[in-house]
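**Q** Sharing input02.txt here; it has compact mmCIF, C-alpha atoms.
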# COMPACT_ATOMS: atom_id res chain seq x y z
CA MET W 1 144.71 137.78 78.80
CA THR W 2 146.48 134.39 78.62
CA CYS W 3 149.50 132.72 80.20
CA LYS W 4 152.64 134.32 78.78
CA LYS W 5 154.31 130.96 78.27
CA CYS W 6 151.62 128.56 77.06
CA LEU W 7 148.64 130.81 76.20
CA THR W 8 146.17 129.06 78.54
CA LYS W 9 144.01 130.61 81.28
CA PRO W 10 146.13 132.49 83.86
CA VAL W 11 145.82 132.14 87.65
CA ILE W 12 148.09 135.04 88.60
CA LYS W 13 149.49 138.26 87.25
CA LEU W 14 152.96 138.47 88.76
CA PRO W 15 153.17 141.70 90.70
CA ASN W 16 156.82 142.37 89.93
CA ASN W 17 157.10 141.84 86.21
CA ASN W 18 153.58 142.27 84.90
CA ILE W 19 153.24 138.83 83.29
CA SER W 20 150.39 136.36 83.73
CA LEU W 21 150.92 132.63 84.26
CA CYS W 22 148.69 129.52 84.24
CA LYS W 23 148.72 126.99 87.10
CA LYS W 24 151.40 124.72 85.62
CA CYS W 25 153.77 127.53 84.60
CA TYR W 26 153.20 129.33 87.91
CA LEU W 27 154.09 126.31 90.06
CA ARG W 28 157.25 125.86 87.99
CA TYR W 29 158.13 129.57 88.39
CA PHE W 30 157.55 129.41 92.18
CA GLU W 31 159.67 126.30 92.75
CA LYS W 32 162.44 127.66 90.54
CA LYS W 33 162.53 130.87 92.56
CA VAL W 34 162.84 128.97 95.86
CA ARG W 35 165.55 126.66 94.44
CA LYS W 36 167.47 129.75 93.25
CA THR W 37 167.26 131.36 96.73
CA ILE W 38 168.52 128.13 98.35
CA ARG W 39 171.39 127.87 95.86
CA ILE W 40 172.54 131.50 95.83
CA TYR W 41 172.41 131.97 99.61
CA LYS W 42 173.59 128.39 100.35
CA LEU W 43 170.64 127.96 102.74
CA PHE W 44 171.36 124.29 103.36
CA LYS W 45 173.48 121.49 102.00
CA LYS W 46 173.20 117.74 101.49
CA GLY W 47 173.42 115.94 104.79
CA ASP W 48 171.69 118.70 106.76
CA THR W 49 168.73 117.93 109.00
CA VAL W 50 166.40 120.78 108.15
CA GLY W 51 163.64 121.75 110.54
CA VAL W 52 160.60 123.67 109.37
CA ALA W 53 158.87 125.86 111.94
CA LEU W 54 155.27 124.91 111.27
CA SER W 55 152.22 126.88 112.40
CA GLY W 56 149.70 125.45 109.94
CA GLY W 57 149.38 128.83 108.16
CA LYS W 58 149.99 129.23 104.43
CA ASP W 59 153.62 130.41 104.67
CA SER W 60 154.94 127.60 106.84
CA MET W 61 152.82 124.98 105.04
CA ALA W 62 154.20 126.14 101.66
CA THR W 63 157.76 126.08 103.06
CA LEU W 64 157.31 122.53 104.32
CA GLN W 65 155.66 121.27 101.14
CA LEU W 66 158.44 122.78 99.00
CA LEU W 67 161.39 121.60 101.06
CA HIS W 68 159.79 118.17 101.35
CA SER W 69 159.33 117.88 97.59
CA LEU W 70 162.76 119.36 96.77
CA THR W 71 164.60 116.95 99.07
CA GLN W 72 162.48 113.83 98.65
CA GLN W 73 164.52 112.36 95.82
CA GLN W 74 168.02 112.97 97.14
CA ARG W 75 167.43 111.27 100.55
CA THR W 76 170.52 112.84 102.13
CA THR W 77 168.67 115.87 103.55
CA LYS W 78 166.22 115.08 106.30
CA ILE W 79 163.13 117.26 106.90
CA ILE W 80 161.46 117.52 110.32
CA ALA W 81 158.53 119.81 111.18
CA ILE W 82 158.57 121.63 114.52
CA ALA W 83 155.36 123.13 115.89
CA ILE W 84 154.81 125.25 118.97
CA ASP W 85 151.39 125.16 120.60
CA GLU W 86 151.07 128.50 122.38
CA GLY W 87 147.73 127.51 123.84
CA ILE W 88 145.38 129.96 122.09
CA LYS W 89 141.90 128.45 122.15
CA GLY W 90 140.00 128.56 118.87
CA TYR W 91 143.08 129.66 116.92
CA ARG W 92 146.25 127.57 117.20
CA ASP W 93 144.39 124.32 117.91
CA GLU W 94 142.65 124.75 114.53
CA THR W 95 145.80 125.42 112.48
CA LEU W 96 147.70 122.62 114.25
CA LYS W 97 144.98 120.13 113.33
CA PHE W 98 145.65 120.91 109.68
CA ALA W 99 149.44 120.73 110.14
CA LYS W 100 149.19 117.31 111.83
CA LYS W 101 147.01 115.93 109.03
CA PHE W 102 149.43 117.18 106.35
CA CYS W 103 152.49 115.70 108.09
CA LYS W 104 150.76 112.36 108.61
CA GLU W 105 149.69 112.14 104.95
CA ASN W 106 153.17 113.05 103.72
CA LYS W 107 155.06 110.96 106.31
CA ILE W 108 156.95 113.99 107.64
CA PRO W 109 158.04 113.71 111.30
CA LEU W 110 156.29 116.40 113.37
CA LYS W 111 157.51 117.42 116.83
CA ILE W 112 155.10 119.49 118.88
CA THR W 113 155.93 121.28 122.08
CA SER W 114 153.81 123.75 124.01
CA TYR W 115 153.98 126.69 126.40
CA LYS W 116 151.94 124.59 128.84
CA LYS W 117 154.56 121.82 128.83
CA GLU W 118 157.61 124.11 128.90
CA PHE W 119 156.43 127.03 131.00
CA GLY W 120 153.54 125.48 132.93
CA MET W 121 150.81 127.67 131.38
CA THR W 122 149.09 128.26 128.05
CA LEU W 123 149.29 131.75 126.53
CA ASP W 124 145.61 132.22 127.43
CA GLN W 125 146.45 131.49 131.09
CA ILE W 126 149.61 133.65 131.08
CA LEU W 127 147.65 136.65 129.80
CA LYS W 128 145.02 136.21 132.49
CA LYS W 129 147.77 136.30 135.12
CA LEU W 130 150.06 139.01 133.75
CA ASP W 131 149.29 142.45 132.39
CA ILE W 132 151.69 142.14 129.50
CA HIS W 133 151.72 142.77 125.74
CA PRO W 134 150.62 139.43 124.21
CA CYS W 135 152.92 139.56 121.15
CA SER W 136 156.01 140.39 123.27
CA VAL W 137 155.78 137.40 125.58
CA CYS W 138 154.55 135.11 122.82
CA GLY W 139 157.38 136.08 120.44
CA VAL W 140 160.06 135.59 123.10
CA PHE W 141 158.69 132.17 124.15
CA ARG W 142 158.19 130.98 120.58
CA ARG W 143 161.73 131.88 119.46
CA TYR W 144 163.17 130.34 122.63
CA LEU W 145 161.28 127.06 122.17
CA LEU W 146 162.06 126.82 118.47
CA ASN W 147 165.78 126.96 119.22
CA LYS W 148 165.49 124.52 122.12
CA GLU W 149 163.36 122.10 120.11
CA ALA W 150 165.73 122.40 117.13
CA LYS W 151 168.65 121.32 119.31
CA ARG W 152 166.62 118.58 120.97
CA ASN W 153 165.92 117.11 117.52
CA LYS W 154 169.53 117.59 116.35
CA LEU W 155 168.56 119.95 113.53
CA THR W 156 171.41 121.63 111.70
CA ILE W 157 169.25 124.44 110.28
CA LEU W 158 165.73 125.79 110.86
CA ALA W 159 163.52 127.11 108.04
CA THR W 160 160.76 129.63 108.64
CA GLY W 161 157.99 130.85 106.33
CA HIS W 162 159.08 134.51 106.33
CA ASN W 163 158.34 136.14 102.99
CA LEU W 164 159.16 139.27 101.01
CA ASP W 165 156.32 141.25 102.61
CA ASP W 166 157.41 140.35 106.17
CA GLU W 167 160.99 141.31 105.43
CA ALA W 168 160.18 144.60 103.64
CA GLN W 169 157.95 145.58 106.59
CA THR W 170 160.65 144.70 109.15
CA ILE W 171 163.34 146.63 107.24
CA LEU W 172 161.17 149.78 107.25
CA MET W 173 160.08 149.31 110.87
CA ASN W 174 163.72 149.09 111.96
CA GLN W 175 164.50 152.29 110.05
CA PHE W 176 161.49 154.12 111.50
CA ARG W 177 162.62 153.06 114.97
CA ASN W 178 166.26 153.91 114.28
CA ASN W 179 167.31 150.36 115.03
CA MET W 180 169.80 149.38 112.35
CA ALA W 181 171.48 146.91 114.69
CA ALA W 182 168.30 144.83 114.50
CA ALA W 183 168.21 145.28 110.72
CA SER W 184 171.75 143.87 110.49
CA ARG W 185 170.37 140.57 111.79
CA LEU W 186 167.94 140.20 108.86
CA GLY W 187 168.42 138.47 105.49
CA PRO W 188 167.68 135.03 103.97
CA LEU W 189 170.14 133.33 106.35
CA THR W 190 170.48 134.51 109.95
CA GLY W 191 172.32 133.53 113.10
CA ILE W 192 175.96 133.06 113.93
CA LYS W 193 177.81 130.42 111.98
CA ASP W 194 179.96 128.98 114.71
CA ASP W 195 177.59 129.07 117.64
CA LYS W 196 176.56 125.53 118.48
CA LYS W 197 173.84 126.72 120.86
CA PHE W 198 171.97 128.71 118.25
CA ILE W 199 170.49 126.90 115.27
CA ARG W 200 170.71 129.17 112.24
CA ARG W 201 167.50 130.24 110.55
CA ILE W 202 166.76 130.26 106.83
CA LYS W 203 163.95 131.89 104.84
CA PRO W 204 163.45 129.96 101.58
CA LEU W 205 160.42 132.14 100.63
CA TYR W 206 162.44 135.35 101.04
CA PHE W 207 161.84 136.63 97.49
CA LEU W 208 158.16 135.67 97.24
CA THR W 209 155.26 137.95 98.12
CA GLU W 210 152.35 136.95 100.36
CA LYS W 211 150.11 136.97 97.29
CA GLU W 212 152.44 134.61 95.41
CA ILE W 213 152.61 132.26 98.42
CA MET W 214 148.85 132.30 98.89
CA THR W 215 148.44 131.45 95.19
CA TYR W 216 150.88 128.52 95.57
CA ALA W 217 149.11 127.38 98.76
CA PHE W 218 145.67 127.58 97.12
CA LEU W 219 146.83 125.57 94.10
CA ASN W 220 148.27 122.91 96.43
CA ASN W 221 145.25 122.75 98.78
CA LEU W 222 147.29 124.17 101.67
CA VAL W 223 144.86 126.94 102.60
CA THR W 224 142.81 126.88 105.77
CA PRO W 225 139.94 129.36 106.29
CA PHE W 226 141.12 132.79 107.43
CA ASN W 227 141.48 132.72 111.18
CA GLU W 228 142.90 135.68 113.06
CA CYS W 229 144.82 135.36 116.34
CA PRO W 230 142.51 136.83 119.02
CA TYR W 231 145.48 138.78 120.43
CA ALA W 232 146.46 140.34 117.08
CA GLU W 233 146.17 144.10 117.31
CA ASP W 234 146.09 146.96 114.90
CA SER W 235 149.82 147.19 115.29
CA PHE W 236 152.61 149.29 113.83
CA ARG W 237 153.32 146.38 111.47
CA SER W 238 149.78 146.43 110.08
CA ARG W 239 150.09 150.17 109.36
CA VAL W 240 153.41 149.61 107.55
CA ARG W 241 151.92 146.65 105.65
CA GLU W 242 148.95 148.69 104.49
CA SER W 243 151.14 151.59 103.35
CA LEU W 244 153.50 149.28 101.47
CA ASN W 245 150.64 147.48 99.72
CA ASN W 246 149.12 150.81 98.68
CA LEU W 247 152.49 151.96 97.35
CA ASP W 248 153.06 148.68 95.53
CA LYS W 249 149.66 148.98 93.87
CA GLU W 250 150.58 152.38 92.51
CA TYR W 251 154.30 151.77 91.99
CA PRO W 252 154.79 148.04 91.31
CA SER W 253 157.95 146.41 92.70
CA THR W 254 158.25 148.82 95.64
CA LYS W 255 158.52 145.91 98.10
CA SER W 256 161.12 144.03 96.05
CA SER W 257 163.14 147.20 95.62
CA ILE W 258 163.23 147.63 99.41
CA ILE W 259 164.52 144.06 99.78
CA ASN W 260 167.07 144.28 96.97
CA SER W 261 168.53 147.63 98.04
CA PHE W 262 168.67 146.35 101.62
CA LEU W 263 170.58 143.23 100.54
CA ASP W 264 173.12 145.49 98.81
CA ILE W 265 174.00 147.20 102.09
CA LEU W 266 173.47 144.21 104.42
CA PRO W 267 177.17 143.09 104.38
CA ILE W 268 178.17 146.61 105.50
CA LEU W 269 175.55 146.59 108.27
CA LYS W 270 176.67 143.15 109.44
CA GLU W 271 180.28 144.30 109.61
CA HIS W 272 179.36 147.54 111.40
CA TYR W 273 177.14 145.88 114.01
CA LYS W 274 179.25 142.77 114.46
CA THR W 275 178.53 141.29 117.87
CA GLY W 276 181.34 140.27 120.18
CA ASP W 277 181.17 137.16 122.30
CA ILE W 278 177.70 135.72 122.84
CA ASN W 279 176.47 135.30 126.38
CA TYR W 280 174.61 132.26 127.58
CA CYS W 281 171.77 132.59 130.05
CA LYS W 282 172.86 131.82 133.60
CA GLU W 283 169.57 129.96 134.20
CA CYS W 284 168.93 127.91 131.04
CA GLY W 285 172.15 128.18 129.02
CA GLU W 286 170.39 129.50 125.89
CA PRO W 287 172.12 132.27 123.87
CA THR W 288 171.28 135.80 125.00
CA SER W 289 172.68 139.31 124.86
CA LYS W 290 172.17 139.69 128.62
CA GLU W 291 173.09 137.72 131.73
CA LYS W 292 169.64 136.16 131.93
CA CYS W 293 167.53 135.57 128.82
CA GLN W 294 164.14 137.21 128.33
CA ALA W 295 162.34 133.83 128.33
CA CYS W 296 163.69 133.11 131.83
CA GLU W 297 162.68 136.64 132.94
CA TYR W 298 159.08 136.04 131.77
CA SER W 299 159.10 132.50 133.13
CA GLU W 300 160.00 133.84 136.57
CA LEU W 301 157.10 136.32 136.43
CA ILE W 302 154.70 133.49 135.62
CA ARG W 303 155.88 131.39 138.57
CA LYS W 304 155.51 134.24 141.08
CA MET F 305 126.45 142.32 85.89
CA LYS F 306 124.82 141.07 89.08
CA ILE F 307 127.30 138.96 91.06
CA LYS F 308 127.65 137.44 94.52
CA ALA F 309 130.83 138.50 96.32
CA TYR F 310 132.44 137.24 99.53
CA ASP F 311 135.03 139.22 101.48
CA GLU F 312 136.77 136.53 103.56
CA ARG F 313 138.67 138.86 105.89
CA ASN F 314 135.53 140.65 107.02
CA LYS F 315 133.34 137.55 106.61
CA LYS F 316 130.95 139.57 104.45
CA ASN F 317 128.61 138.22 101.74
CA ILE F 318 127.17 140.80 99.39
CA GLU F 319 125.37 141.06 96.05
CA LEU F 320 126.89 143.62 93.71
CA GLU F 321 126.15 145.13 90.33
CA VAL F 322 129.58 145.66 88.76
CA ASP F 323 131.37 145.25 85.43
CA SER F 324 134.71 143.96 86.64
CA ILE F 325 136.58 142.35 89.54
CA LYS F 326 138.49 145.60 90.06
CA GLU F 327 135.18 147.44 90.44
CA ALA F 328 133.91 144.82 92.93
CA ALA F 329 137.13 145.16 94.96
CA LYS F 330 136.74 148.94 94.95
CA GLU F 331 133.14 148.67 96.19
CA LEU F 332 134.30 146.43 99.05
CA LYS F 333 137.35 148.62 99.76
CA ILE F 334 139.67 145.66 99.13
CA ASN F 335 143.26 146.21 98.00
CA LEU F 336 143.86 143.59 95.29
CA GLU F 337 147.46 143.30 96.55
CA GLU F 338 146.05 141.71 99.71
CA VAL F 339 143.78 139.03 98.22
CA ILE F 340 143.60 136.26 95.68
CA VAL F 341 140.42 136.08 93.62
CA VAL F 342 138.40 132.89 93.22
CA LYS F 343 135.64 132.94 90.58
CA ASN F 344 133.14 130.07 90.70
CA ASN F 345 135.73 128.04 92.70
CA GLU F 346 138.57 128.70 90.23
CA LEU F 347 141.55 130.91 90.85
CA VAL F 348 141.60 133.85 88.42
CA THR F 349 143.46 137.11 87.85
CA GLU F 350 141.83 140.46 88.50
CA SER F 351 141.30 140.92 84.74
CA ALA F 352 139.03 137.85 84.43
CA GLU F 353 135.68 138.73 82.86
CA LEU F 354 132.42 138.62 84.79
CA LYS F 355 128.95 137.46 83.84
CA ASP F 356 125.62 137.45 85.66
CA ASN F 357 125.40 135.19 88.75
CA ASP F 358 129.17 134.69 89.03
CA GLU F 359 130.37 133.99 92.57
CA ILE F 360 133.53 135.84 93.52
CA LYS F 361 135.54 135.19 96.67
CA PHE F 362 138.28 137.54 97.84
CA LEU F 363 140.58 135.38 99.98
CA SER F 364 142.95 137.28 102.26
CA VAL F 365 146.67 136.68 101.70
CA ILE F 366 147.55 138.27 105.04
CA SER F 367 148.42 135.88 107.83
CA GLY F 368 146.20 136.10 110.84
CA GLY F 369 148.96 135.75 113.45
Can you turn what I pasted into structure tokens?
**A**
Amino acid sequence: MTCKKCLTKPVIKLPNNNISLCKKCYLRYFEKKVRKTIRIYKLFKKGDTVGVALSGGKDSMATLQLLHSLTQQQRTTKIIAIAIDEGIKGYRDETLKFAKKFCKENKIPLKITSYKKEFGMTLDQILKKLDIHPCSVCGVFRRYLLNKEAKRNKLTILATGHNLDDEAQTILMNQFRNNMAAASRLGPLTGIKDDKKFIRRIKPLYFLTEKEIMTYAFLNNLVTPFNECPYAEDSFRSRVRESLNNLDKEYPSTKSSIINSFLDILPILKEHYKTGDINYCKECGEPTSKEKCQACEYSELIRK
Amino acid sequence: MKIKAYDERNKKNIELEVDSIKEAAKELKINLEEVIVVKNNELVTESAELKDNDEIKFLSVISGG
């Protein structure tokens, strides 16, 4: 089997359309797909200061590399990397080392904040003190700090490395849990347009699978050895992921069909679950659906 | 063909006697949707041919977070 376009040795067989591509043609295909997503969904415009939430993993590294290379020539869009150090020994310190090296080599500003600095404790310390689900507290703190750090650095938009697999899993998980209100907040561009306290999020890799991103990352030397978060559990998400990958193996394009059919109904969901006025936390002023945000609730538990 | 295989996710090195990458993945219970395949340090598709003493790595595409 050879590359469909130039008949040389292929590096990937595209899962969705059954064609094989060589390194050069694949990198072109990948970048074109991201550019198309940015253009069609108007993810950012010239003059924006785009933040990239950087963990050092393949998805966020690929997002940063792409946005950096796509905006390097035009000089009107600024790229800043934002990293959150949760304080997970033997895990995050390793991936952050790689992220720092990449940003230094490519002259990309990198802003790092940590749970220790903002909440007084690392995640390792928090979990020793509180009997709490690690991913719940970690997710709340990470989202909270990303928004805070985005505002601190005057970002106009924040890009994350979410991909087609993540989104297909989340869509199904929301359906299985009968939570379509949460589903209405998905899509390539999220957040409320006119809320100055919430920096909108974009997902430039929205239409690319994990396998496609890993291939891109490998070809660009962006891959670090597999390193699993010590708190990762055999969660509901991993069950959904496994089922979807098994289905996709047997019925190719299952995951893209989930995404595409979801995007067809997303405008209706958004209209149906339109939120009224946003509240701001009485303690920290960050956007929240309640009187006091969840990050402040957890923060109070830590201080007790 | 006798090959050396490495399953990155499970950190497992193994010698296998197989005719294809698909067969090696099956032996290791690896879903090819969840890995990229590196043969003798070069990225290949699952249809790449094998010969004796080839070294195959199955690198996980799933994030560890």
**Q** Only residues of chain F matter here; which ones have an atom within 9 Å of chain W, counting only C-alpha atoms? Give them as a PyMOL selection string.
**A** chain F and resi 312-313+335-341+346-352+363-369
**Q** For CA of Leu247 in chain W and CA of Ile334 in chain F, determine how far apart the two atoms are, in Å to one decimal place.
**A**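 Calculated distance between CA of Leu247 in chain W and CA of Ile334 in chain F is 14.4 Å.
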**Q** Which value, in Å to one decimal, gives the distance between CA of Ile88 in chain W and CA of Asp124 in chain W?
**A**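 That distance, rounded to one decimal, is 5.8 Å.
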**Q** With distances taken over all atoms listed in the file, which residue among W:Asn221, W:Ser235, W:Ser299, W:Thr113 lies nearest Ala53 in chain W?
**A**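 Residue with the minimum atom-to-atom distance to Ala53 in chain W: W:Thr113.
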**Q** CA of Gly51 in chain W to CA of Leu66 in chain W: how many Å, to one decimal?
**A**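 Computing it gives 12.7 Å between the two atoms.
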**Q** Return the single residue from F:Lys315, F:Leu332, F:Ala309, F:Glu327 that is closest to Lys361 in chain F, with distances computed using all atoms listed in the file.
**A**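 Smallest separation from Lys361 in chain F among the options: F:Ala309.
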**Q** Near Leu145 in chain W, within 10 Å and counting all atoms listed in the file, which residues show up once chain neighbours fewer than 6 positions away are dropped, as an mmCIF file with C-alpha atoms, in the coordinates of the input?
**A**
data_model
loop_
_atom_site.group_PDB
_atom_site.id
_atom_site.type_symbol
_atom_site.label_atom_id
_atom_site.label_comp_id
_atom_site.auth_asym_id
_atom_site.auth_seq_id
_atom_site.Cartn_x
_atom_site.Cartn_y
_atom_site.Cartn_z
ATOM 1 C CA ILE W 82 158.570 121.630 114.520
ATOM 2 C CA ALA W 83 155.360 123.130 115.890
ATOM 3 C CA ILE W 84 154.810 125.250 118.970
ATOM 4 C CA THR W 113 155.930 121.280 122.080
ATOM 5 C CA SER W 114 153.810 123.750 124.010
ATOM 6 C CA TYR W 115 153.980 126.690 126.400
ATOM 7 C CA GLU W 118 157.610 124.110 128.900
ATOM 8 C CA GLY W 139 157.380 136.080 120.440
ATOM 9 C CA LYS W 151 168.650 121.320 119.310
ATOM 10 C CA ALA W 295 162.340 133.830 128.330
#
**Q** From (170.1, 119.2, 108.8), in the file's coordinates, out to 9 Å: which residues are reached, counting only C-alpha atoms? Answer as an MDAnalysis selection string.
**A** chainID W and resid 44:51 77:80 154:158
**Q** List the neighbours of Ile318 in chain F out to 9 Å using only C-alpha atoms; skip same-chain residues closer than 4 positions along the sequence, and give me the result as an mmCIF file with C-alpha atoms, in the coordinates of the input.
**A**
data_model
loop_
_atom_site.group_PDB
_atom_site.id
_atom_site.type_symbol
_atom_site.label_atom_id
_atom_site.label_comp_id
_atom_site.auth_asym_id
_atom_site.auth_seq_id
_atom_site.Cartn_x
_atom_site.Cartn_y
_atom_site.Cartn_z
ATOM 1 C CA ILE F 307 127.300 138.960 91.060
ATOM 2 C CA LYS F 308 127.650 137.440 94.520
ATOM 3 C CA ALA F 309 130.830 138.500 96.320
ATOM 4 C CA TYR F 310 132.440 137.240 99.530
ATOM 5 C CA ASP F 311 135.030 139.220 101.480
#
